[in-house]
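Q: Just one file: upload_26.txt, with compact mmCIF, C-alpha atoms.
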# COMPACT_ATOMS: atom_id res chain seq x y z
CA ASP A 1 -60.41 78.09 -5.70
CA ALA A 2 -63.98 77.44 -4.90
CA ALA A 3 -64.81 74.99 -2.17
CA ALA A 4 -66.88 71.93 -3.08
CA PRO A 5 -70.54 72.31 -2.28
CA PRO A 6 -71.65 70.45 0.86
CA ASP A 7 -73.83 68.02 -1.13
CA ALA A 8 -71.05 67.08 -3.65
CA PRO A 9 -70.14 63.36 -3.86
CA ALA A 10 -67.04 62.14 -2.03
CA PRO A 11 -63.93 61.52 -4.13
CA ALA A 12 -63.82 58.07 -5.77
CA GLY A 13 -61.51 55.34 -4.45
CA PRO A 14 -61.30 52.97 -1.53
CA PRO A 15 -61.34 54.29 2.01
CA PRO A 16 -57.87 54.79 3.56
CA VAL A 17 -58.42 51.86 5.94
CA LEU A 18 -58.84 49.45 3.01
CA LEU A 19 -55.75 50.86 1.30
CA GLY A 20 -53.71 50.28 4.46
CA LEU A 21 -55.05 46.75 4.80
CA ALA A 22 -54.29 45.96 1.16
CA THR A 23 -50.76 47.31 1.54
CA ALA A 24 -50.15 45.25 4.67
CA LEU A 25 -51.50 42.13 2.98
CA ALA A 26 -49.33 42.72 -0.09
CA ALA A 27 -46.27 42.98 2.17
CA ALA A 28 -47.23 39.92 4.22
CA VAL A 29 -47.74 37.49 1.33
CA PRO A 30 -44.03 37.34 0.32
CA LEU A 31 -43.03 37.09 3.98
CA VAL A 32 -45.38 34.15 4.54
CA ALA A 33 -44.06 32.49 1.37
CA VAL A 34 -40.47 32.86 2.58
CA VAL A 35 -41.27 31.45 6.00
CA ALA A 36 -43.69 28.68 4.96
CA GLY A 37 -42.05 27.79 1.67
CA PRO A 38 -39.15 25.61 2.87
CA SER A 39 -41.24 23.57 5.32
CA ALA A 40 -43.95 23.12 2.68
CA TRP A 41 -41.32 21.99 0.17
CA ARG A 42 -39.93 19.53 2.75
CA ALA A 43 -43.41 18.09 3.37
CA ARG A 44 -43.93 17.70 -0.37
CA SER A 45 -40.55 15.98 -0.78
CA ARG A 46 -41.31 13.66 2.13
CA ARG A 47 -44.67 12.61 0.66
CA ARG A 48 -43.10 12.06 -2.77
CA ARG A 49 -40.22 9.98 -1.39
CA LEU A 50 -42.45 7.85 0.83
CA ALA A 51 -44.78 7.20 -2.11
CA ALA A 52 -41.84 6.21 -4.34
CA ALA A 53 -40.51 3.88 -1.66
CA ASP A 54 -43.96 2.32 -1.19
CA ALA A 55 -44.31 1.79 -4.94
CA GLY A 56 -41.16 -0.31 -5.15
CA GLY A 57 -39.06 -0.59 -8.28
CA ALA A 58 -35.89 1.10 -9.44
CA GLU A 59 -36.44 4.39 -7.59
CA ALA A 60 -37.69 2.96 -4.28
CA ALA A 61 -34.39 2.35 -2.51
CA GLY A 62 -32.97 5.74 -3.43
CA ALA A 63 -36.14 7.52 -2.36
CA ALA A 64 -36.18 5.69 0.97
CA TRP A 65 -32.54 6.42 1.67
CA ASP A 66 -32.84 10.07 0.63
CA GLU A 67 -35.78 10.47 3.00
CA LEU A 68 -33.84 9.07 5.94
CA LEU A 69 -30.85 11.30 5.16
CA ALA A 70 -33.19 14.30 4.96
CA GLU A 71 -34.87 13.47 8.28
CA SER A 72 -31.47 13.10 9.93
CA ALA A 73 -30.15 16.35 8.46
CA ASP A 74 -33.28 18.19 9.56
CA ARG A 75 -32.49 17.16 13.11
CA GLY A 76 -28.89 18.29 13.06
CA ALA A 77 -26.93 15.35 11.68
CA PRO A 78 -26.26 16.01 7.99
CA ALA A 79 -24.89 13.29 5.75
CA VAL A 80 -21.18 13.12 5.08
CA ALA A 81 -20.52 12.66 1.36
CA SER A 82 -17.76 10.11 1.95
CA ASP A 83 -19.92 7.86 4.18
CA THR A 84 -21.07 4.49 2.92
CA VAL A 85 -24.69 3.60 3.56
CA ARG A 86 -23.68 1.61 6.64
CA MET A 87 -21.47 4.41 7.95
CA ALA A 88 -24.35 6.87 7.53
CA ALA A 89 -26.67 4.48 9.39
CA ASP A 90 -24.16 4.26 12.26
CA ARG A 91 -23.90 8.05 12.31
CA MET A 92 -27.72 8.37 12.42
CA THR A 93 -27.97 5.87 15.25
CA ARG A 94 -25.38 7.67 17.36
CA ALA A 95 -26.55 11.21 16.56
CA HIS A 96 -30.21 10.55 17.31
CA GLY A 97 -29.97 7.86 19.97
CA LEU A 98 -31.98 5.30 18.00
CA ASP A 99 -32.99 2.28 20.08
CA ALA A 100 -32.51 -1.39 19.13
CA PRO A 101 -35.86 -1.94 17.33
CA VAL A 102 -35.36 1.22 15.26
CA ARG A 103 -31.75 0.25 14.51
CA LYS A 104 -33.00 -3.16 13.33
CA ALA A 105 -35.46 -1.42 10.99
CA LEU A 106 -32.66 0.88 9.79
CA ASP A 107 -30.41 -2.12 9.12
CA THR A 108 -33.23 -3.70 7.09
CA VAL A 109 -33.57 -0.52 5.01
CA VAL A 110 -29.78 -0.41 4.55
CA GLY A 111 -29.79 -4.02 3.34
CA ILE A 112 -32.56 -3.33 0.84
CA VAL A 113 -30.79 -0.17 -0.38
CA GLU A 114 -27.48 -1.99 -0.84
CA GLU A 115 -29.19 -4.89 -2.57
CA SER A 116 -30.87 -2.49 -4.98
CA TRP A 117 -27.89 -0.23 -5.68
CA TYR A 118 -25.14 -2.82 -5.77
CA GLY A 119 -26.97 -6.06 -6.49
CA GLY A 120 -29.49 -4.82 -9.02
CA VAL A 121 -32.45 -6.25 -7.06
CA ASP A 122 -35.10 -3.57 -6.75
CA PRO A 123 -37.61 -3.83 -3.90
CA ALA A 124 -41.14 -4.99 -4.62
CA PRO A 125 -44.02 -2.65 -3.77
CA GLY A 126 -44.50 -2.29 -0.04
CA VAL A 127 -41.28 -4.06 1.00
CA LEU A 128 -39.66 -0.89 2.35
CA SER A 129 -42.81 0.69 3.76
CA ARG A 130 -42.90 -0.66 7.31
CA TRP A 131 -39.16 -0.40 7.91
CA LEU A 132 -38.86 3.06 6.41
CA ARG A 133 -41.77 4.43 8.42
CA THR A 134 -40.39 2.95 11.65
CA VAL A 135 -37.09 4.77 11.18
CA SER A 136 -38.64 7.92 9.76
CA ASP A 137 -41.12 8.18 12.64
CA ALA A 138 -38.31 7.70 15.18
CA LEU A 139 -36.24 10.42 13.52
CA ARG A 140 -39.24 12.75 13.37
CA ALA A 141 -39.73 12.24 17.11
CA VAL A 142 -36.29 13.77 17.74
CA PRO A 143 -36.90 17.38 18.74
CA ALA A 144 -35.83 20.02 16.25
CA PRO A 145 -35.49 23.72 17.03
CA LEU A 146 -38.08 26.06 15.55
CA HIS A 147 -35.69 27.49 12.97
CA ARG A 148 -34.98 23.95 11.69
CA ARG A 149 -38.70 23.20 11.45
CA LEU A 150 -39.27 26.40 9.46
CA PHE A 151 -36.08 26.09 7.39
CA PRO A 152 -35.23 22.36 7.20
CA ALA A 153 -31.55 21.69 6.57
CA SER A 154 -32.46 19.13 3.92
CA VAL A 155 -34.12 21.91 1.90
CA ILE A 156 -31.90 24.87 2.71
CA GLY A 157 -28.66 22.92 2.28
CA MET A 158 -29.87 21.02 -0.81
CA ARG A 159 -28.07 23.14 -3.41
CA ARG A 160 -24.72 23.06 -1.63
CA ARG A 161 -24.79 19.29 -1.08
CA SER A 162 -25.90 18.66 -4.62
CA ARG A 163 -22.95 20.60 -6.08
CA GLU A 164 -20.49 18.73 -3.85
CA ASP A 165 -21.88 15.33 -4.74
CA GLN A 166 -22.42 15.77 -8.46
CA ASN A 167 -18.81 14.83 -9.26
CA THR A 168 -19.24 11.21 -8.16
CA ASP A 169 -20.57 8.18 -9.98
CA ASP A 170 -21.43 6.32 -6.76
CA PRO A 171 -25.24 6.13 -6.47
CA ALA A 172 -24.91 6.18 -2.68
CA MET A 173 -23.43 9.68 -2.89
CA THR A 174 -25.77 11.41 -5.30
CA ASP A 175 -28.65 13.69 -4.32
CA ARG A 176 -31.85 12.47 -5.93
CA GLY A 177 -33.75 15.43 -4.36
Rewrite the structure of this file - the entire thing - as structure tokens.

A:
Amino acid sequence: DAAAPPDAPAPAGPPPVLLGLATALAAAVPLVAVVAGPSAWRARSRRRRLAAADAGGAEAAGAAWDELLAESADRGAPAVASDTVRMAADRMTRAHGLDAPVRKALDTVVGIVEESWYGGVDPAPGVLSRWLRTVSDALRAVPAPLHRRLFPASVIGMRRRSREDQNTDDPAMTDRG
């Protein structure tokens, strides 16, 4: 074996520091996706539900109610499949200590949801907006531990709840995601 002459070009390829950086980045991307994914999905679902509720129509009441159930679950009070809308509202009020003005807004949302689901009267655009945001903002003000902010129960528990509820015909019990 002859040694390379001193003026020979260096071997081709990236420097070892760049290889190490690229390897670390390649390992970090899936980790970031796992950690940020559920909270990003929850934010997307929230925006979609609020927009559907604001738009009014056949999907508005369900979107509004699903959003409130998700907010409540994310703060440690998951929905009980056998609860009526009013029972779930009572559970939310107790679990999160909602005050009288927020409970009044929640009762208004409940009335609109019941009217839509059981009376066939869908809300007009904007009817749910103020009431829904009042309750949603109050629920979002309830502190949630870091693990619940990173991995919201409404996202992580979605598959399990959906399988449990899919055997019912009651629109109040289905998961509209």

Q: Near Pro143 (chain A), within 10 Å and counting all atoms listed in the file, which residues show up once chain neighbours fewer than 2 positions away are dropped, as a list in words?

A: Asp74, Arg75, Gly76, His96, Leu139, Arg140, Ala141, Pro145, Leu146, Arg148 and Arg149 of chain A

Q: Write a file of the selected residues as a PDB file, keeping the file's coordinate frame, keeping C-alpha atoms.

A:
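So part.pdb came out as:
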ATOM      1  CA  ASP A  74     -33.280  18.190   9.560  1.00  0.00           C
ATOM      2  CA  ARG A  75     -32.490  17.160  13.110  1.00  0.00           C
ATOM      3  CA  GLY A  76     -28.890  18.290  13.060  1.00  0.00           C
ATOM      4  CA  HIS A  96     -30.210  10.550  17.310  1.00  0.00           C
ATOM      5  CA  LEU A 139     -36.240  10.420  13.520  1.00  0.00           C
ATOM      6  CA  ARG A 140     -39.240  12.750  13.370  1.00  0.00           C
ATOM      7  CA  ALA A 141     -39.730  12.240  17.110  1.00  0.00           C
ATOM      8  CA  PRO A 145     -35.490  23.720  17.030  1.00  0.00           C
ATOM      9  CA  LEU A 146     -38.080  26.060  15.550  1.00  0.00           C
ATOM     10  CA  ARG A 148     -34.980  23.950  11.690  1.00  0.00           C
ATOM     11  CA  ARG A 149     -38.700  23.200  11.450  1.00  0.00           C
TER      12      ARG A 149
END

Q: Hey, what's within 12 Å of Glu71 (chain A) if we count only C-alpha atoms and toss same-chain stuff fewer than 2 positions away? As a PyMOL selection string, please?

A: chain A and resi 42-43+45-46+49+64-69+73-79+92+95-96+132-133+135-144+148-149+152-155

Q: Report, in Å with one decimal, the straight-line distance from CA of Thr134 (chain A) to CA of Ala52 (chain A).

A: 16.4 Å

Q: Measuring between all atoms listed in the file, which one of A:Ala24, A:Leu50, A:Met87, A:Ala70 shows the shortest distance to Val127 (chain A)?

A: A:Leu50

Q: One number please: CA of Pro125 (chain A) to CA of Arg86 (chain A), in Å, one decimal.

A: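 Interatomic distance here is 23.2 Å.
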
Q: Could you name the residues that touch Asp122 (chain A) at 10 Å or less, counting only C-alpha atoms, but leaving out those on the same chain fewer than 6 positions away, as a list in words?

A: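 Non-adjacent residues within range: Gly56, Gly57, Ala58, Glu59, Ala60, Ala61, Ile112, Val113, Glu114, Glu115 and Ser116 of chain A.
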
Q: Point out the residue among A:Ala89, A:Ala55, A:Val80, A:Leu21 with the least atom-to-atom distance to Gly126 (chain A), counting all atoms listed in the file.

A: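 Using all atoms listed in the file, the shortest distance to Gly126 (chain A) belongs to A:Ala55.
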
Q: Suppose you want the space between CA of Pro38 (chain A) and CA of Phe151 (chain A); what is it in Å?

A: 5.5 Å
